[in-house]
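*Asks:* Sending over a structure as structure tokens; questions will come in a sec.
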Number of protein chains: 2
Amino acid sequence: MAKKNAISPTRQEDYPEWYQQVVKAADLAEHSVVRGCMVIKPWGWGIWEKMQKYLDDQIKKTGHDNVYFPLFIPLDYFQKEADHIEGFAKECAVVTHHRLEKNKHGELVPAGELPQPLIVRPTSEMIIGETVAKWVESYRDLPVKINQWANVVRWEMRTRLFLRSTEFLWQEGHTFHRTKEEAMEEVRKMLDVYVEFCEKILAMPVYKGKKSESEKFPGADATYTFEAMMQDKKALQGGTSHFLGQNFARSSNISFRDEDGEQKFVYSTSWGSTTRYIGALIMVHSDDDGLVLPPRIAPKQVVLVPMLQKEESKQEILNYCESLQKQLEQVQYHDKAIEVVVDTRDIRGGDKKWSWIKKGIPLIVEVGPRDIASDSVFVTKRKKDDISSSSLKREEFISQIASILDSIQKDLFDKAQAFQKAHTHELKSKEEFDKFFAKEDAGFARVYYKEDAKTEKEIQEKYGVTVRCFLEEKAKEGKCIFSNKPCHSKAIFARAY
Amino acid sequence: MAKKNAISPTRQEDYPEWYQQVVKAADLAEHSVVRGCMVIKPWGWGIWEKMQKYLDDQIKKTGHDNVYFPLFIPLDYFQKEADHIEGFAKECAVVTHHRLEKNKHGELVPAGELPQPLIVRPTSEMIIGETVAKWVESYRDLPVKINQWANVVRWEMRTRLFLRSTEFLWQEGHTFHRTKEEAMEEVRKMLDVYVEFCEKILAMPVYKGKKSESEKFPGADATYTFEAMMQDKKALQGGTSHFLGQNFARSSNISFRDEDGEQKFVYSTSWGSTTRYIGALIMVHSDDDGLVLPPRIAPKQVVLVPMLQKEESKQEILNYCESLQKQLEQVQYHDKAIEVVVDTRDIRGGDKKWSWIKKGIPLIVEVGPRDIASDSVFVTKRKKDDISSSSLKREEFISQIASILDSIQKDLFDKAQAFQKAHTHELKSKEEFDKFFAKEDAGFARVYYKEDAKTEKEIQEKYGVTVRCFLEEKAKEGKCIFSNKPCHSKAIFARAY
């Protein structure tokens with residue numbers, strides 16, 4: 001077969017550049033001419049569609065309705081919540097005019113200045129809150145549980161495909177509750193939906209927990225999240241689930257008449273998942289030959305590659321592929337029909353196969369005259385750091401395909417989990433911490449930590465390390481490695497995307 | 001049963017206001033605080049999701065891949081195609097700044113002026129064309145057939161929910177071909193996909209054909225469309241399919257090396273369908289009791305309304321509903337499981353039933369103690385101008401439900417078609433035409449017409465009437481009713497939305 005290491009540079013040689021090359025080789029996305037905005041190409045979009053489908057089902061199952069709110073937020077709405085505006089004012093797209101006209105040099109220039117600028121939504125708490133305030137009168141109108149799939153814009157200075165882009169796509173859930181307890185239950189439930197998605201579908205093990213005060217969402221009382229370890233041992237934050245307390249209720253006057261006759265503010269939550277997941281997926285599973293996709297998130301699980309060198313066998317091979325495709329599409333995998341593509345492009349067989357390896361499709365099936373003669377298929381499994389091929393009887397392949405895909409899915413999760421465990425270290429002291437993060441690819445440190453904004457600032461300045469989350473698990477009493485104060489909380493520290 | 005005419009005013013009394021009230025009573029959408037932008041609520045979004053699902057399947061089946069391009073278009077890209085910029089410059093949202101800062105009065109004002117303004121996409125021909133130009137080198141790279149689901153913004157001065165809004169949602173397909181013939185075939189194929197969707201799913205009969213030069217898309221060589229008749233006898237344009245010729249290929253230099261070694265420009269097409277369909281759906285089928293939905297586009301086909309007045313029978317009734325729901329969800333209707341909602345809200349039974357009538361759900365099933373005793377269900381069918389109820393044995397209902405839904409679907413189409421036919425008139429002369437359109441609710445006129453921009457302008461100024469489309473059918477030679485010149489083309493004229 002062909003060359004080894006389809007991607008250059010390798011992960012070892014230059015991790016950030018390797019990432020760009022994997023995206024390119026898999027034809028997932030590219031930079032657009034608009035600063036920081038990306039073009040998502042068919043294979044990348046196929047992954048996002050799968051993510052959307054799974055998450056949308058879960059969001060509906062947990063009792064939420066989909067809706068759609070405007071792209072624009074009036075400036076005066078946007079600034080009602082003080083922390084919120086602080087958090088977003090520095091990086092937002094501002095619409096100031098509503099038409100173009102020619103100036104005296106014949107150049108098109110903005111015209112029709114708006115009485116008030118509009119902000120392209122960086123998130124929709126404000127406009128949804130102001131609207132829901134009109135929907136809710138009595139406790140009988142609660143809870144309100146809505147979600148939207150939308151594009152949002154945050155003017156990022158340094159952008160990277162999927163990981164950080166000026167425009168990105170996401171779902172944002174917004175819920176409004178009668179009690180604090182009910183709102184907190186919602187926050188945790190949706191965090192669990194995300195974690196389950198990451199672990200079961202993306203095969204990505206995570207640490208979940210609460211953000212520190214300095215890292216939480218602008219306007220939230222508390223932010224819950226989860227963190228995954230990339231192959232360069234940096235952390236990447238997954239979805240977030242925010243307990244907004246009564247902050248947005250107060251700023252937008254979202255109140256209701258309770259059963260006891262009193263007028264009260266609601267408690268609200270919000271939670272979101274973005275196209276950034278695709279970046280995480282790439283960085284956790286891919287290797288020096290390109291993208292590796294867990295079967296449950298792959299746009300297609302199988303590609304059939306007919307070997308069409310000889311004109312006389314061409315039609316027979318195409319017929320064989322067609323019937324094989326039909327048979328495979330009858331097989332259920334993870335409650336859905338297996339998805340198969342037949343690649344009949346007129347390019348060299350080796351290039352064709354490698355294009356699919358670089359795209360990370362789980363199974364590549366080559367079909368040539370000899371395979372047909374023996375009623376066999378030549379199957380290549382695409383796993384991380386492992387491309388192995390074998391010949392299987394056709395019926396054997398069909399009866400085993402679901403379990404083959406399951407084993408690839410499991411194998412990817414296990415590998416990622418082993419990697420994460422191997423590079424997460426319990427540190428006992430400030431000295432160990434200093435020594436640990438002196439190394440650039442240190443990994444995750446798990447330490448006793450009593451929250452303190454000043455310490456976090458120092459650590460960030462010194463090492464570029466942040467507290468990723470306070471772990472959910474209640475630790476037995478220990479001492480904060482920075483302050484020596486007694487505490488029950490352990491946190492994960494790491495360098496992060 | 002309760003009052004007649006849930007919607008006030010009726011269609012007869014005030015059609016535009018009736019429309020607004022139907023949207024409100026069905027809880028489909030509302031105006032947002034942002035001028036011209038709407039909030040789409042769960043029931044309205046449910047309809048859009050169904051539209052998306054159906055169209056997306058058809059778009060994929062016809063060989064297109066989904067992608068995503070940026071929300072923003074740089075001003076200099078936007079103005080490359082002269083007609084295109086003429087068509088959109090007067091109504092576009094312009095982003096000029098990328099952050100906010102406080103002025104000396106402490107007010108937030110736009111800051112960080114962009115070197116070049118960005119236009120919020122009103123359509124994506126320009127940015128997609130510029131990108132595809134880089135993807136295409138050889139004839140082997142063609143055709144490129146892509147589609148995106150996106151929000152677009154056109155700064156409309158007079159807006160109406162769904163019918164005309166500043167931000168709206170749509171799919172936009174963009175394809176690039178080696179030959180003119182192949183591009184024209186694509187244009188017609190996608191027009192047919194839309195027409196089939198309208199007729200089969202939305203139960204909306206249409207006239208299809210070509211737009212006149214004055215009504216075509218800015219930048220197109222030809223625009224194909226179809227027109228449906230609303231109940232006030234005005235026309236509403238459905239999806240459009242544009243043959244762009246080589247216009248965008250020239251302005252964005254989308255060229256390829258053909259098999260003969262020559263460098264040639266591609267032929268391109270674009271085609272789109274929008275949330276406006278929801279407005280058409282409402283206006284074609286609804287009546288003075290509110291929304292009426294064809295079963296194939298209804299977010300749910302059936303609501304079960306348990307009659308929970310008496311505490312002692314409550315649990316039994318809920319159990320009965322639950323088992324009935326499960327049974328109904330086993331039934332296939334139009335290749336999908338029937339979708340059922342159980343309405344357990346704590347409100348008066350009559351109000352509850354009427355809320356579903358106003359929402360246009362095809363079947364309302366009331367379940368009380370007497371129904372359970374006789375193993376029956378009390379079924380109300382929601383058709384246009386016809387709400388009829390009858391008691392059916394449970395098993396009978398289950399075995400018949402698919403055909404009941406089919407008959408509602410067919411009935412809605414037949415009614416709409418009869419209405420359209422009854423109000424489409426063949427006119428033989430300019431005199432008949434003048435007389436016909438002197439009436440405000442004239443309907444459609446079908447006439448021999450030889451295209452002439454001056455005539456169209458006059459007619460528009462005099463009657464507010466436009467040529468909707470040249471019909472596809474080849475008529476035998478006749479004489480244009482305006483110019484008396486011989487011609488083979490018949491056109492539909494009407495007042496329009």
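As shown in the structure tokens, the chain order sets the letters A, B, ...; within each chain, residues go from 1, and ligands are also counted from 1 in the order they appear.
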With only C-alpha atoms considered, list every residue of chain A at most 8 Å from chain B, as a compact mmCIF listing (two decimals) with C-alpha atoms, in the first residue's frame.
*Replies:*
```txt
# COMPACT_ATOMS: atom_id res chain seq x y z
CA SER A 32 -13.45 32.19 4.16
CA VAL A 33 -12.54 35.61 2.82
CA VAL A 34 -14.37 37.09 5.80
CA CYS A 37 -15.54 33.11 9.47
CA MET A 38 -15.34 29.63 8.04
CA VAL A 39 -16.81 27.68 5.15
CA ILE A 40 -18.03 24.30 6.39
CA LYS A 41 -17.72 21.77 3.58
CA PRO A 42 -19.90 18.67 3.01
CA TRP A 45 -21.31 19.60 7.70
CA GLY A 46 -22.22 15.89 7.73
CA ASP A 65 -39.53 23.13 22.38
CA ASN A 66 -37.56 24.57 19.48
CA VAL A 67 -38.12 28.23 18.60
CA TYR A 68 -36.34 30.98 16.69
CA PHE A 69 -35.43 34.48 17.87
CA PRO A 70 -33.97 37.39 15.86
CA LEU A 71 -30.35 37.61 14.76
CA PHE A 72 -30.17 41.21 15.98
CA ILE A 73 -30.35 42.63 19.50
CA PRO A 74 -31.04 46.35 20.04
CA ALA A 89 -19.14 44.41 24.35
CA LYS A 90 -15.51 43.98 23.39
CA GLU A 91 -16.15 41.49 20.64
CA CYS A 92 -19.43 42.04 18.84
CA ALA A 93 -20.49 42.89 15.30
CA VAL A 94 -22.41 46.18 15.20
CA VAL A 95 -24.96 46.99 12.48
CA THR A 96 -25.26 50.74 12.05
CA HIS A 97 -26.80 51.22 8.57
CA HIS A 98 -29.54 49.61 6.52
CA ARG A 99 -28.56 50.36 2.95
CA LEU A 100 -25.71 51.30 0.61
CA GLU A 101 -25.49 54.23 -1.74
CA PRO A 110 -23.13 52.72 4.14
CA PRO A 117 -27.31 50.28 16.45
CA THR A 131 -39.75 38.32 25.18
CA TRP A 155 -15.46 39.10 17.17
CA GLU A 167 -19.27 33.24 13.44
```
*Asks:* When DSSP is applied to the backbone of this structure, which of region 176-382 of chain A are assigned alpha helix (DSSP H)? Write them out as a PyMOL selection string.
*Replies:* chain A and resi 180-196+247-252+276-285+314-328+349-359+369-373
*Asks:* Do a neighbour search on region 451-464 of chain B at 8 Å with only C-alpha atoms, toss out local chain neighbours closer than 6 positions, and write the hits as a compact mmCIF listing (two decimals) with C-alpha atoms, in the first residue's frame.
*Replies:*
```
# COMPACT_ATOMS: atom_id res chain seq x y z
CA SER B 212 -40.71 38.36 -16.90
CA GLU B 213 -37.48 40.35 -17.34
CA SER B 214 -38.66 43.02 -14.93
CA PHE B 437 -58.92 44.34 -12.57
CA ALA B 438 -61.22 47.25 -11.78
CA PHE B 482 -52.00 44.55 -25.09
CA ARG B 495 -52.27 41.39 -7.60
```
*Asks:* Given only C-alpha atoms as the basis, pick out the residue of A:Ala442, A:Ala491, A:Ile361, A:Ala82 nearest to Gln301 (chain A).
*Replies:*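 Of A:Ala442, A:Ala491, A:Ile361, A:Ala82, the one nearest Gln301 (chain A), counting only C-alpha atoms, is A:Ile361.
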*Asks:* Rank B:Ser138, B:Gly443, B:Trp48, B:Val193 by their smallest atom-to-atom distance to Ala298 (chain B), using only C-alpha atoms, and report the top residue only.
*Replies:*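 For Ala298 (chain B), the nearest of the candidates is B:Trp48.
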*Asks:* Would you list the contacts of Gly245 (chain A) as an mmCIF file with N, CA and C atoms, in the first residue's frame, taking every protein, DNA or RNA residue within 9 Å and counting only C-alpha atoms, but skipping same-chain residues closer than 5 positions in sequence?
*Replies:*
```cif
data_model
loop_
_atom_site.group_PDB
_atom_site.id
_atom_site.type_symbol
_atom_site.label_atom_id
_atom_site.label_comp_id
_atom_site.auth_asym_id
_atom_site.auth_seq_id
_atom_site.Cartn_x
_atom_site.Cartn_y
_atom_site.Cartn_z
ATOM 1 N N LYS A 180 -35.668 27.965 42.530
ATOM 2 C CA LYS A 180 -34.234 27.789 42.353
ATOM 3 C C LYS A 180 -33.879 26.308 42.163
ATOM 4 N N ALA A 183 -34.626 25.069 38.726
ATOM 5 C CA ALA A 183 -33.654 25.600 37.766
ATOM 6 C C ALA A 183 -32.322 24.860 37.872
ATOM 7 N N MET A 184 -31.889 24.600 39.113
ATOM 8 C CA MET A 184 -30.622 23.879 39.301
ATOM 9 C C MET A 184 -30.718 22.459 38.743
ATOM 10 N N ALA A 220 -23.982 34.970 34.786
ATOM 11 C CA ALA A 220 -24.439 33.754 35.473
ATOM 12 C C ALA A 220 -24.081 33.792 36.954
ATOM 13 N N ASP A 221 -24.863 33.056 37.757
ATOM 14 C CA ASP A 221 -24.464 32.793 39.138
ATOM 15 C C ASP A 221 -23.451 31.656 39.180
ATOM 16 N N ALA A 222 -23.647 30.692 38.303
ATOM 17 C CA ALA A 222 -22.709 29.569 38.244
ATOM 18 C C ALA A 222 -22.727 28.957 36.856
ATOM 19 N N VAL A 266 -38.522 34.929 38.198
ATOM 20 C CA VAL A 266 -38.199 33.547 37.837
ATOM 21 C C VAL A 266 -36.709 33.288 38.084
ATOM 22 N N TYR A 267 -36.355 32.018 38.068
ATOM 23 C CA TYR A 267 -34.946 31.595 37.993
ATOM 24 C C TYR A 267 -34.728 31.085 36.580
ATOM 25 N N SER A 268 -33.614 31.484 35.975
ATOM 26 C CA SER A 268 -33.422 31.040 34.596
ATOM 27 C C SER A 268 -32.113 30.292 34.402
ATOM 28 N N THR A 269 -32.059 29.554 33.301
ATOM 29 C CA THR A 269 -30.854 28.805 32.945
ATOM 30 C C THR A 269 -30.584 29.004 31.455
#
```
*Asks:* Using only C-alpha atoms, which residues sit within 10 Å of region 307-312 of chain A once same-chain residues fewer than 3 positions away are excluded, as an MDAnalysis selection string?
*Replies:* chainID A and resid 304 315:318 343:350 366:369
*Asks:* Could you please write out, as a ChimeraX atom specification, every residue of region 278-456 of chain B that DSSP assigns to strand (DSSP E or B)?
*Replies:* /B:287,290,302-306,332-333,336-337,340-342,363-367,376-383,386-393,424-426,444-448
*Asks:* Using C-alpha atoms, can you export the residues from the last selection as a compact mmCIF listing (two decimals), in the first residue's frame?
*Replies:*
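As a result, part_24.txt now contains:
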```txt
# COMPACT_ATOMS: atom_id res chain seq x y z
CA ASP B 287 -60.83 29.65 7.96
CA GLY B 290 -58.24 29.71 12.76
CA VAL B 302 -53.55 14.11 16.57
CA VAL B 303 -54.18 15.61 19.98
CA LEU B 304 -55.71 13.48 22.72
CA VAL B 305 -57.78 15.54 25.13
CA PRO B 306 -58.52 13.66 28.34
CA GLN B 332 -47.55 4.65 9.63
CA TYR B 333 -48.85 7.64 7.75
CA LYS B 336 -43.66 8.15 9.10
CA ALA B 337 -45.12 7.29 12.45
CA VAL B 340 -49.60 12.41 18.83
CA VAL B 341 -49.70 14.92 21.67
CA VAL B 342 -51.65 14.41 24.89
CA LEU B 363 -57.67 15.38 14.52
CA ILE B 364 -58.86 16.13 18.05
CA VAL B 365 -59.75 13.08 20.10
CA GLU B 366 -61.67 13.59 23.33
CA VAL B 367 -61.58 10.82 25.89
CA SER B 376 -64.77 4.48 21.84
CA VAL B 377 -63.20 7.80 20.99
CA PHE B 378 -64.88 11.06 20.09
CA VAL B 379 -63.05 12.36 17.02
CA THR B 380 -63.21 15.88 15.62
CA LYS B 381 -61.89 16.44 12.12
CA ARG B 382 -60.49 19.88 11.35
CA LYS B 383 -60.94 20.83 7.73
CA ASP B 386 -65.81 22.25 8.36
CA ILE B 387 -65.39 21.00 11.92
CA SER B 388 -67.22 17.71 12.27
CA SER B 389 -67.24 15.22 15.12
CA SER B 390 -68.27 11.62 15.49
CA SER B 391 -67.85 8.72 17.88
CA LEU B 392 -65.79 5.80 16.62
CA LYS B 393 -64.86 2.45 18.13
CA THR B 424 -58.65 32.18 -12.85
CA HIS B 425 -60.16 33.73 -15.96
CA GLU B 426 -59.17 33.59 -19.58
CA PHE B 444 -55.95 35.63 -11.75
CA ALA B 445 -56.15 36.61 -15.39
CA ARG B 446 -54.69 34.24 -17.97
CA VAL B 447 -53.99 36.07 -21.21
CA TYR B 448 -51.95 36.01 -24.39
```
*Asks:* Which residues are close to Val144 (chain A), i.e. within 10 Å by only C-alpha atoms, leaving aside same-chain residues fewer than 4 positions away? Reply as a list in words.
*Replies:*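 Near neighbours after the sequence-gap exclusion: Gly63, His64, Asp65, Val132, Trp135, Val136, His174, Thr175, Phe176, His177, Arg178 and Ser268 of chain A.
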*Asks:* Just the selected residues (N, CA and C atoms), exported as a CSV table (one decimal), in the first residue's frame, please.
*Replies:*
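File produced: part02.csv:
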```csv
chain,number,residue,atom,x,y,z
A,63,GLY,N,-38.0,17.6,27.2
A,63,GLY,CA,-39.2,18.5,27.4
A,63,GLY,C,-39.0,19.9,26.9
A,64,HIS,N,-38.1,20.1,25.9
A,64,HIS,CA,-37.9,21.5,25.4
A,64,HIS,C,-38.5,21.6,24.0
A,65,ASP,N,-39.0,22.8,23.7
A,65,ASP,CA,-39.5,23.1,22.4
A,65,ASP,C,-38.5,24.0,21.6
A,132,VAL,N,-39.8,36.5,26.8
A,132,VAL,CA,-40.5,35.6,27.7
A,132,VAL,C,-41.1,36.4,28.9
A,135,TRP,N,-44.5,36.6,28.1
A,135,TRP,CA,-45.3,35.4,28.0
A,135,TRP,C,-45.8,34.9,29.4
A,136,VAL,N,-45.0,35.3,30.4
A,136,VAL,CA,-45.2,34.7,31.7
A,136,VAL,C,-46.0,35.7,32.6
A,174,HIS,N,-32.8,27.9,26.7
A,174,HIS,CA,-33.1,28.9,27.7
A,174,HIS,C,-34.4,28.5,28.4
A,175,THR,N,-34.2,28.4,29.8
A,175,THR,CA,-35.4,27.9,30.5
A,175,THR,C,-35.7,28.9,31.7
A,176,PHE,N,-36.9,28.9,32.1
A,176,PHE,CA,-37.4,29.8,33.2
A,176,PHE,C,-38.3,29.0,34.1
A,177,HIS,N,-37.9,29.2,35.4
A,177,HIS,CA,-38.5,28.3,36.4
A,177,HIS,C,-39.1,29.1,37.6
A,178,ARG,N,-40.0,28.4,38.3
A,178,ARG,CA,-40.6,29.0,39.5
A,178,ARG,C,-39.6,29.0,40.7
A,268,SER,N,-33.6,31.5,36.0
A,268,SER,CA,-33.4,31.0,34.6
A,268,SER,C,-32.1,30.3,34.4
```
*Asks:* Excluding Cys480 (chain B) and any residue of its chain fewer than 5 positions from it, enumerate the residues within 7 Å of it, using only C-alpha atoms, and give them as a PyMOL selection string.
*Replies:* chain B and resi 448-450+485-487
*Asks:* What gap, in Å, lies between CA of Tyr320 (chain B) and CA of Thr62 (chain A)?
*Replies:*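 Between CA of Tyr320 (chain B) and CA of Thr62 (chain A) the gap works out to 23.2 Å.
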*Asks:* How many Å lie between CA of Pro16 (chain A) and CA of Arg160 (chain A), rounded to one decimal?
*Replies:*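 If I compute the distance from CA of Pro16 (chain A) to CA of Arg160 (chain A), I get 9.6 Å.
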*Asks:* How many Å separate CA of Phe217 (chain B) from CA of Leu236 (chain B)?
*Replies:*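 Interatomic distance, CA of Phe217 (chain B) to CA of Leu236 (chain B): 16.0 Å.
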